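*Asks:* This one is start-v9.pdb, PDB, C-alpha atoms.
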ATOM      1  CA  MET J 265      -4.103  15.610 -13.841
ATOM      2  CA  THR J 266      -1.517  18.317 -13.160
ATOM      3  CA  PHE J 267       1.824  17.678 -11.455
ATOM      4  CA  SER J 268       0.762  19.694  -8.409
ATOM      5  CA  LYS J 269      -2.308  17.504  -7.883
ATOM      6  CA  VAL J 270      -0.283  14.304  -8.320
ATOM      7  CA  LEU J 271       2.225  15.602  -5.790
ATOM      8  CA  SER J 272      -0.507  16.430  -3.273
ATOM      9  CA  TRP J 273      -2.088  12.994  -3.610
ATOM     10  CA  LEU J 274       1.242  11.201  -3.270
ATOM     11  CA  ILE J 275       2.100  13.104  -0.115
ATOM     12  CA  MET J 276      -1.367  12.463   1.287
ATOM     13  CA  LEU J 277      -0.892   8.702   0.838
ATOM     14  CA  LEU J 278       2.618   8.770   2.309
ATOM     15  CA  VAL J 279       1.740  10.677   5.474
ATOM     16  CA  PRO J 280      -0.257   7.943   7.314
ATOM     17  CA  PRO J 281       2.499   5.282   7.095
ATOM     18  CA  VAL J 282       5.137   7.873   7.993
ATOM     19  CA  ILE J 283       3.213   8.904  11.120
ATOM     20  CA  VAL J 284       1.809   5.541  12.221
ATOM     21  CA  LEU J 285       4.959   3.495  11.631
ATOM     22  CA  GLY J 286       7.006   6.299  13.182
ATOM     23  CA  VAL J 287       4.937   5.902  16.342
ATOM     24  CA  VAL J 288       5.444   2.127  16.163
ATOM     25  CA  ARG J 289       9.201   2.702  16.031
ATOM     26  CA  LEU J 290       8.941   5.028  19.026
ATOM     27  CA  MET J 291       7.069   2.337  20.943
ATOM     28  CA  LEU J 292       9.905  -0.090  20.212
ATOM     29  CA  THR J 293      12.238   2.007  22.367
ATOM     30  CA  PRO J 294      12.720   1.084  26.060
ATOM     31  CA  LEU J 295      10.531   4.025  27.137
ATOM     32  CA  PHE J 296       7.183   2.403  26.365
ATOM     33  CA  ILE J 297       8.013  -0.751  28.319
ATOM     34  CA  GLN J 298       9.353   1.259  31.268
ATOM     35  CA  VAL J 299       6.139   3.281  31.481
ATOM     36  CA  GLU J 300       3.627   0.536  30.679
ATOM     37  CA  TYR J 301       4.555  -1.897  33.460
ATOM     38  CA  ARG J 302       4.384   0.896  36.024
ATOM     39  CA  LEU J 303       0.883   2.059  35.121
ATOM     40  CA  PRO J 304      -1.724   1.877  37.898
ATOM     41  CA  ASN J 305      -3.641  -1.423  38.016
ATOM     42  CA  PHE J 306      -1.410  -3.141  35.480
ATOM     43  CA  PRO J 307      -2.244  -6.827  36.068
ATOM     44  CA  PRO J 308       0.378  -8.728  38.077
ATOM     45  CA  ASP J 309       1.762 -12.029  36.851
ATOM     46  CA  VAL J 310       0.073 -14.761  38.890
ATOM     47  CA  PHE J 311       2.897 -17.170  38.002
ATOM     48  CA  GLY J 312       5.588 -15.099  39.676
ATOM     49  CA  PHE J 313       7.227 -12.539  37.369
ATOM     50  CA  THR J 314       7.950  -9.351  39.277
ATOM     51  CA  THR J 315       7.884  -5.942  37.630
ATOM     52  CA  ALA J 316      11.695  -6.078  37.481
ATOM     53  CA  ASP J 317      11.511  -9.498  35.806
ATOM     54  CA  ARG J 318       9.046  -8.216  33.238
ATOM     55  CA  LEU J 319      11.138  -5.144  32.501
ATOM     56  CA  HIS J 320      14.219  -7.305  31.968
ATOM     57  CA  TRP J 321      12.701 -10.025  29.790
ATOM     58  CA  ALA J 322      10.453  -7.677  27.824
ATOM     59  CA  ASP J 323      13.466  -5.556  26.929
ATOM     60  CA  ILE J 324      15.388  -8.656  25.821
ATOM     61  CA  SER J 325      12.450  -9.465  23.533
ATOM     62  CA  ARG J 326      12.355  -5.858  22.254
ATOM     63  CA  GLN J 327      16.063  -5.991  21.450
ATOM     64  CA  TYR J 328      15.559  -9.175  19.444
ATOM     65  CA  LEU J 329      12.914  -7.510  17.259
ATOM     66  CA  LEU J 330      15.354  -4.762  16.262
ATOM     67  CA  ASN J 331      18.730  -6.498  16.095
ATOM     68  CA  HIS J 332      20.164  -8.680  13.325
ATOM     69  CA  ALA J 333      20.367 -11.875  15.397
ATOM     70  CA  ASP J 334      18.463 -15.037  14.522
ATOM     71  CA  ILE J 335      16.040 -16.808  16.849
ATOM     72  CA  ASP J 336      18.941 -18.345  18.817
ATOM     73  CA  PHE J 337      19.218 -14.960  20.531
ATOM     74  CA  LEU J 338      15.959 -15.767  22.351
ATOM     75  CA  ALA J 339      16.294 -19.555  22.349
ATOM     76  CA  ARG J 340      19.305 -19.384  24.673
ATOM     77  CA  GLN J 341      17.628 -17.078  27.206
ATOM     78  CA  ARG J 342      16.988 -18.879  30.492
ATOM     79  CA  LEU J 343      15.072 -17.937  33.618
ATOM     80  CA  PRO J 344      16.871 -17.945  36.995
ATOM     81  CA  ASP J 345      15.641 -21.496  37.677
ATOM     82  CA  GLY J 346      17.281 -22.702  34.462
ATOM     83  CA  ALA J 347      14.057 -23.063  32.461
ATOM     84  CA  LEU J 348      13.953 -21.669  28.947
ATOM     85  CA  LEU J 349      12.318 -18.244  28.664
ATOM     86  CA  TYR J 350      10.298 -19.243  25.587
ATOM     87  CA  ASN J 351       9.108 -22.620  24.340
ATOM     88  CA  ALA J 352       9.289 -23.734  20.707
ATOM     89  CA  ARG J 353       5.849 -22.343  19.834
ATOM     90  CA  GLU J 354       6.661 -18.969  21.362
ATOM     91  CA  LEU J 355       9.985 -18.855  19.520
ATOM     92  CA  ARG J 356       8.267 -19.501  16.192
ATOM     93  CA  HIS J 357       5.858 -16.662  16.889
ATOM     94  CA  MET J 358       8.637 -14.280  17.875
ATOM     95  CA  ALA J 359      10.452 -15.090  14.625
ATOM     96  CA  ASP J 360       7.229 -14.251  12.753
ATOM     97  CA  VAL J 361       6.826 -11.017  14.724
ATOM     98  CA  LYS J 362      10.376 -10.003  13.865
ATOM     99  CA  ARG J 363       9.683 -10.497  10.155
ATOM    100  CA  VAL J 364       6.575  -8.304  10.416
ATOM    101  CA  VAL J 365       8.428  -5.610  12.385
ATOM    102  CA  LYS J 366      11.361  -5.567   9.968
ATOM    103  CA  ALA J 367       8.987  -5.306   6.993
ATOM    104  CA  ALA J 368       7.036  -2.476   8.660
ATOM    105  CA  LEU J 369      10.232  -0.546   9.385
ATOM    106  CA  ARG J 370      11.394  -0.943   5.782
ATOM    107  CA  VAL J 371       8.077   0.559   4.649
ATOM    108  CA  TRP J 372       8.548   3.409   7.124
ATOM    109  CA  TYR J 373      12.085   4.180   5.955
ATOM    110  CA  ALA J 374      10.991   4.116   2.302
ATOM    111  CA  ALA J 375       7.899   6.290   2.882
ATOM    112  CA  LEU J 376       9.855   8.787   4.978
ATOM    113  CA  ALA J 377      12.675   8.985   2.437
ATOM    114  CA  LEU J 378      10.242   9.445  -0.457
ATOM    115  CA  CYS J 379       8.358  12.139   1.434
ATOM    116  CA  VAL J 380      11.597  14.027   2.093
ATOM    117  CA  LEU J 381      12.696  13.708  -1.541
ATOM    118  CA  LEU J 382       9.339  14.973  -2.764
ATOM    119  CA  GLY J 383       9.649  17.856  -0.349
ATOM    120  CA  PHE J 384      12.986  18.854  -1.873
ATOM    121  CA  ALA J 385      11.514  18.467  -5.370
ATOM    122  CA  ALA J 386       8.495  20.589  -4.449
ATOM    123  CA  TYR J 387      10.734  23.322  -3.089
ATOM    124  CA  ARG J 388      12.998  23.265  -6.142
ATOM    125  CA  TRP J 389      10.121  23.252  -8.645
ATOM    126  CA  LYS J 390       8.113  25.877  -6.764
ATOM    127  CA  GLN J 391       5.357  23.433  -5.811
ATOM    128  CA  TRP J 392       5.550  24.059  -2.073
ATOM    129  CA  ALA J 393       1.841  24.900  -1.822
ATOM    130  CA  ALA J 394       0.950  21.519  -3.351
ATOM    131  CA  PHE J 395       3.340  19.765  -0.961
ATOM    132  CA  ARG J 396       1.804  21.484   2.064
ATOM    133  CA  ARG J 397      -1.669  20.681   0.790
ATOM    134  CA  GLY J 398      -0.693  17.007   0.600
ATOM    135  CA  LEU J 399       0.623  17.149   4.160
ATOM    136  CA  ALA J 400      -2.671  18.602   5.347
ATOM    137  CA  TRP J 401      -4.723  16.006   3.477
ATOM    138  CA  GLY J 402      -2.468  13.249   4.824
ATOM    139  CA  GLY J 403      -2.863  14.596   8.328
ATOM    140  CA  TRP J 404      -6.646  14.478   8.055
ATOM    141  CA  LEU J 405      -6.513  10.986   6.536
ATOM    142  CA  THR J 406      -4.394   9.847   9.482
ATOM    143  CA  VAL J 407      -6.878  11.390  11.920
ATOM    144  CA  ALA J 408      -9.783   9.536  10.295
ATOM    145  CA  LEU J 409      -7.947   6.196  10.312
ATOM    146  CA  MET J 410      -6.768   6.555  13.891
ATOM    147  CA  LEU J 411     -10.191   7.580  15.188
ATOM    148  CA  ALA J 412     -11.406   4.224  13.900
ATOM    149  CA  VAL J 413      -8.496   2.387  15.546
ATOM    150  CA  VAL J 414      -8.989   4.087  18.915
ATOM    151  CA  ALA J 415     -12.755   3.493  18.812
ATOM    152  CA  LEU J 416     -12.236  -0.206  18.058
ATOM    153  CA  ALA J 417      -9.531  -0.540  20.720
ATOM    154  CA  VAL J 418     -11.862   0.934  23.346
ATOM    155  CA  ALA J 419     -15.147  -0.672  22.261
ATOM    156  CA  ALA J 420     -14.100  -4.002  20.766
ATOM    157  CA  PHE J 421     -10.439  -4.621  21.486
ATOM    158  CA  GLN J 422     -10.712  -8.401  21.308
ATOM    159  CA  THR J 423     -12.103  -8.240  17.770
ATOM    160  CA  LEU J 424      -9.412  -5.778  16.692
ATOM    161  CA  PHE J 425      -6.680  -7.897  18.272
ATOM    162  CA  VAL J 426      -7.868 -11.129  16.645
ATOM    163  CA  ASP J 427      -8.332  -9.514  13.228
ATOM    164  CA  PHE J 428      -4.860  -7.966  13.427
ATOM    165  CA  HIS J 429      -3.298 -11.384  14.025
ATOM    166  CA  HIS J 430      -5.336 -13.012  11.276
ATOM    167  CA  VAL J 431      -3.957 -10.451   8.826
ATOM    168  CA  PHE J 432      -0.283 -10.773   9.781
ATOM    169  CA  PHE J 433       0.041 -14.344  11.084
ATOM    170  CA  GLU J 434      -1.041 -17.750   9.853
ATOM    171  CA  GLY J 435      -3.565 -19.964  11.613
ATOM    172  CA  ASP J 436      -3.467 -20.071  15.409
ATOM    173  CA  THR J 437       0.300 -19.738  15.787
ATOM    174  CA  TRP J 438      -0.251 -16.661  17.977
ATOM    175  CA  LEU J 439      -2.372 -18.419  20.627
ATOM    176  CA  PHE J 440      -0.664 -19.438  23.882
ATOM    177  CA  ASN J 441      -1.324 -20.772  27.372
ATOM    178  CA  TYR J 442      -1.698 -18.292  30.215
ATOM    179  CA  SER J 443       1.391 -19.864  31.813
ATOM    180  CA  ASP J 444       3.562 -19.153  28.747
ATOM    181  CA  SER J 445       6.111 -16.378  29.103
ATOM    182  CA  LEU J 446       4.722 -14.340  26.199
ATOM    183  CA  ILE J 447       1.341 -14.014  27.921
ATOM    184  CA  ARG J 448       2.929 -13.380  31.301
ATOM    185  CA  LEU J 449       5.121 -10.630  29.886
ATOM    186  CA  PHE J 450       2.597  -9.160  27.461
ATOM    187  CA  PRO J 451      -0.962  -9.658  28.770
ATOM    188  CA  GLU J 452      -4.014  -8.293  26.977
ATOM    189  CA  ARG J 453      -3.803  -5.027  28.944
ATOM    190  CA  PHE J 454      -0.352  -4.403  27.456
ATOM    191  CA  TRP J 455      -1.664  -4.677  23.895
ATOM    192  CA  ARG J 456      -4.837  -2.689  24.572
ATOM    193  CA  ASP J 457      -2.729   0.166  25.912
ATOM    194  CA  ALA J 458      -0.374  -0.165  22.936
ATOM    195  CA  PHE J 459      -3.213   0.119  20.407
ATOM    196  CA  VAL J 460      -4.733   3.107  22.236
ATOM    197  CA  LEU J 461      -1.346   4.841  22.435
ATOM    198  CA  LEU J 462      -0.621   4.105  18.773
ATOM    199  CA  GLY J 463      -3.988   5.462  17.706
ATOM    200  CA  GLY J 464      -4.021   8.420  20.061
ATOM    201  CA  LEU J 465      -0.491   9.635  19.374
ATOM    202  CA  SER J 466      -0.878   9.135  15.618
ATOM    203  CA  LEU J 467      -4.158  11.038  15.754
ATOM    204  CA  LEU J 468      -2.524  13.975  17.543
ATOM    205  CA  LEU J 469       0.390  14.047  15.109
ATOM    206  CA  GLY J 470      -1.987  13.842  12.155
ATOM    207  CA  ARG J 471      -4.052  16.713  13.524
ATOM    208  CA  ALA J 472      -0.930  18.803  14.115
ATOM    209  CA  LEU J 473       0.304  18.125  10.578
ATOM    210  CA  ALA J 474      -3.093  18.985   9.141
ATOM    211  CA  LEU J 475      -2.982  22.370  10.873
ATOM    212  CA  LEU J 476       0.646  23.057   9.935
ATOM    213  CA  GLY J 477       0.138  22.037   6.320
ATOM    214  CA  ARG J 478      -2.938  24.088   5.598
ATOM    215  CA  GLU J 479      -2.566  27.092   3.366
TER     216      GLU J 479
END
Mind converting the file's structure to structure tokens?
*Replies:*
Amino acid sequence: MTFSKVLSWLIMLLVPPVIVLGVVRLMLTPLFIQVEYRLPNFPPDVFGFTTADRLHWADISRQYLLNHADIDFLARQRLPDGALLYNARELRHMADVKRVVKAALRVWYAALALCVLLGFAAYRWKQWAAFRRGLAWGGWLTVALMLAVVALAVAAFQTLFVDFHHVFFEGDTWLFNYSDSLIRLFPERFWRDAFVLLGGLSLLLGRALALLGRE
């Protein structure tokens, strides 16, 4: 196999994680939370969290996933009535989520850096056409993968959600009571919208890259 073909295949395989995990990182900014809780018909918390409460505590949880603090960062968070924000089971799950998020971001940084380095190499070694071809292939691969994700999120979200947790978490550590803060802050609607946004935005970016990368 020639160098140009190897380069194209490598870029094709790097594009989906670069796009999808890039969208995940975007969704870990305050913007997604600010928009999501204000969407029409977003389910209210029957146990008393207001939209302002949700925005505050959800952002605290988002900060924990990205900072370098240990679980004590969340363990010391208390509601206005003095009760702990999260119980021991919720704290264990949040620690697991942080490990998954950190690992995903490391993959994103590595894939993005490798893609950039290969781009410089392609330019230097006059293999730019092969690099662009790989971008186009990767864009189409991303489109195909994300069409499947969006279809599953719309048609069978519960199955997708359960399977996702079985892949990344052990046993039933991710199951909680409806009165637990994690469910009150992040109900099923939150995650359905997140999966649809992840799939839809990744699909659009993949399609755009496929068009830009074609010869």
*Asks:* Evaluate the PyMOL selection byres ((chain J and resi 297-308) around 8) and record the selected residues as a PyMOL selection string, following the chain and residue labels used in the document.
*Replies:* chain J and resi 293-296+309-310+313-315+318-319+322-323+451+453-454+457
*Asks:* Please produce a file of the residues just selected, as a PDB file, in the coordinates of the input, where the atoms kept are C-alpha atoms.
*Replies:*
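That gives us part18.pdb:
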ATOM      1  CA  THR J 293      12.238   2.007  22.367  1.00  0.00           C
ATOM      2  CA  PRO J 294      12.720   1.084  26.060  1.00  0.00           C
ATOM      3  CA  LEU J 295      10.531   4.025  27.137  1.00  0.00           C
ATOM      4  CA  PHE J 296       7.183   2.403  26.365  1.00  0.00           C
ATOM      5  CA  ASP J 309       1.762 -12.029  36.851  1.00  0.00           C
ATOM      6  CA  VAL J 310       0.073 -14.761  38.890  1.00  0.00           C
ATOM      7  CA  PHE J 313       7.227 -12.539  37.369  1.00  0.00           C
ATOM      8  CA  THR J 314       7.950  -9.351  39.277  1.00  0.00           C
ATOM      9  CA  THR J 315       7.884  -5.942  37.630  1.00  0.00           C
ATOM     10  CA  ARG J 318       9.046  -8.216  33.238  1.00  0.00           C
ATOM     11  CA  LEU J 319      11.138  -5.144  32.501  1.00  0.00           C
ATOM     12  CA  ALA J 322      10.453  -7.677  27.824  1.00  0.00           C
ATOM     13  CA  ASP J 323      13.466  -5.556  26.929  1.00  0.00           C
ATOM     14  CA  PRO J 451      -0.962  -9.658  28.770  1.00  0.00           C
ATOM     15  CA  ARG J 453      -3.803  -5.027  28.944  1.00  0.00           C
ATOM     16  CA  PHE J 454      -0.352  -4.403  27.456  1.00  0.00           C
ATOM     17  CA  ASP J 457      -2.729   0.166  25.912  1.00  0.00           C
TER      18      ASP J 457
END
*Asks:* Have a look at J:Leu349, J:Met291, J:Leu285, J:Ala408 and name the one nearest to Ile447 of chain J; count all atoms listed in the file.
*Replies:*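 Counting all atoms listed in the file, the residue closest to Ile447 of chain J is J:Leu349.
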*Asks:* Considering only C-alpha atoms, tabulate each residue of segment 266-307 of chain J that lies at most 12 Å from segment 378-400 of chain J along with its nearest interatomic pair and the corresponding distance in Å to one decimal; arrange the rows by chain and ascending residue number and present them as JSON lines.
*Replies:*
{"residue": "J:Thr266", "atom": "CA", "partner": "J:Ala394", "partner_atom": "CA", "distance": 10.6}
{"residue": "J:Phe267", "atom": "CA", "partner": "J:Gln391", "partner_atom": "CA", "distance": 8.8}
{"residue": "J:Ser268", "atom": "CA", "partner": "J:Ala394", "partner_atom": "CA", "distance": 5.4}
{"residue": "J:Lys269", "atom": "CA", "partner": "J:Ala394", "partner_atom": "CA", "distance": 6.9}
{"residue": "J:Val270", "atom": "CA", "partner": "J:Ala394", "partner_atom": "CA", "distance": 8.8}
{"residue": "J:Leu271", "atom": "CA", "partner": "J:Phe395", "partner_atom": "CA", "distance": 6.5}
{"residue": "J:Ser272", "atom": "CA", "partner": "J:Gly398", "partner_atom": "CA", "distance": 3.9}
{"residue": "J:Trp273", "atom": "CA", "partner": "J:Gly398", "partner_atom": "CA", "distance": 6.0}
{"residue": "J:Leu274", "atom": "CA", "partner": "J:Gly398", "partner_atom": "CA", "distance": 7.2}
{"residue": "J:Ile275", "atom": "CA", "partner": "J:Gly398", "partner_atom": "CA", "distance": 4.9}
{"residue": "J:Met276", "atom": "CA", "partner": "J:Gly398", "partner_atom": "CA", "distance": 4.6}
{"residue": "J:Leu277", "atom": "CA", "partner": "J:Gly398", "partner_atom": "CA", "distance": 8.3}
{"residue": "J:Leu278", "atom": "CA", "partner": "J:Cys379", "partner_atom": "CA", "distance": 6.7}
{"residue": "J:Val279", "atom": "CA", "partner": "J:Leu399", "partner_atom": "CA", "distance": 6.7}
{"residue": "J:Pro280", "atom": "CA", "partner": "J:Leu399", "partner_atom": "CA", "distance": 9.8}
{"residue": "J:Pro281", "atom": "CA", "partner": "J:Cys379", "partner_atom": "CA", "distance": 10.6}
{"residue": "J:Val282", "atom": "CA", "partner": "J:Cys379", "partner_atom": "CA", "distance": 8.5}
{"residue": "J:Ile283", "atom": "CA", "partner": "J:Leu399", "partner_atom": "CA", "distance": 11.1}
*Asks:* I need the chosen residues saved as a tab-separated table (two decimals), keeping the file's coordinate frame, with C-alpha atoms.
*Replies:*
chain	number	residue	atom	x	y	z
J	266	THR	CA	-1.52	18.32	-13.16
J	267	PHE	CA	1.82	17.68	-11.46
J	268	SER	CA	0.76	19.69	-8.41
J	269	LYS	CA	-2.31	17.50	-7.88
J	270	VAL	CA	-0.28	14.30	-8.32
J	271	LEU	CA	2.22	15.60	-5.79
J	272	SER	CA	-0.51	16.43	-3.27
J	273	TRP	CA	-2.09	12.99	-3.61
J	274	LEU	CA	1.24	11.20	-3.27
J	275	ILE	CA	2.10	13.10	-0.12
J	276	MET	CA	-1.37	12.46	1.29
J	277	LEU	CA	-0.89	8.70	0.84
J	278	LEU	CA	2.62	8.77	2.31
J	279	VAL	CA	1.74	10.68	5.47
J	280	PRO	CA	-0.26	7.94	7.31
J	281	PRO	CA	2.50	5.28	7.10
J	282	VAL	CA	5.14	7.87	7.99
J	283	ILE	CA	3.21	8.90	11.12
*Asks:* Go through J:Gln327, J:Asn351, J:Thr406, J:Thr437 and flag the residue nearest Leu462 of chain J, using all atoms listed in the file for the distances.
*Replies:*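 The shortest atom-to-atom distance to Leu462 of chain J comes from J:Thr406.
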*Asks:* Measuring between all atoms listed in the file, which one of J:Val284, J:Leu292, J:Leu473, J:Leu465 shows the shortest distance to Trp401 of chain J?
*Replies:* J:Leu473
*Asks:* Atom CA of Asp345 of chain J to atom CA of Phe450 of chain J: how many Å, to one decimal?
*Replies:*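 Separating atom CA of Asp345 of chain J from atom CA of Phe450 of chain J is a distance of 20.7 Å.
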*Asks:* Enter the distance from atom CA of Phe425 of chain J to atom CA of Leu376 of chain J, in Å, rounded to one decimal.
*Replies:*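 Going from atom CA of Phe425 of chain J over to atom CA of Leu376 of chain J, I get 27.0 Å.
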*Asks:* Counting all atoms listed in the file, figure out which residue out of J:His430, J:Arg448, J:Lys362, J:Arg370 gets nearest to Ala333 of chain J.
*Replies:* J:Lys362
*Asks:* Of the candidates J:Trp438, J:Gly403, J:Ala375, J:Arg289, which shows the shortest atom-to-atom distance to Ala359 of chain J, using all atoms listed in the file?
*Replies:*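 Once distances to Ala359 of chain J are computed over all atoms listed in the file, the minimum belongs to J:Trp438.
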*Asks:* Report, in Å to a single decimal, how far apart atom CA of Trp321 of chain J and atom CA of Trp455 of chain J are.
*Replies:*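 Pair atom CA of Trp455 of chain J / atom CA of Trp321 of chain J returns 16.4 Å.
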*Asks:* Within 8 Å of (17.9, -13.0, 24.0) (coordinates as in the file), grab all the protein and nucleic acid residues, counting only C-alpha atoms, and write them out as a list in words.
*Replies:*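 It turns out the residues near that spot are Ile324, Ser325, Gln327, Tyr328, Asp336, Phe337, Leu338, Ala339, Arg340 and Gln341 of chain J.
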*Asks:* Centre and edge lengths, as lines of an AutoDock Vina configuration file, for the axis-aligned box enclosing every listed atom of segment 318-327 of chain J with 4 Å of padding on each of the six sides, in Å to one decimal?
*Replies:*
center_x = 12.6
center_y = -7.6
center_z = 27.3
size_x = 15.0
size_y = 12.9
size_z = 19.8
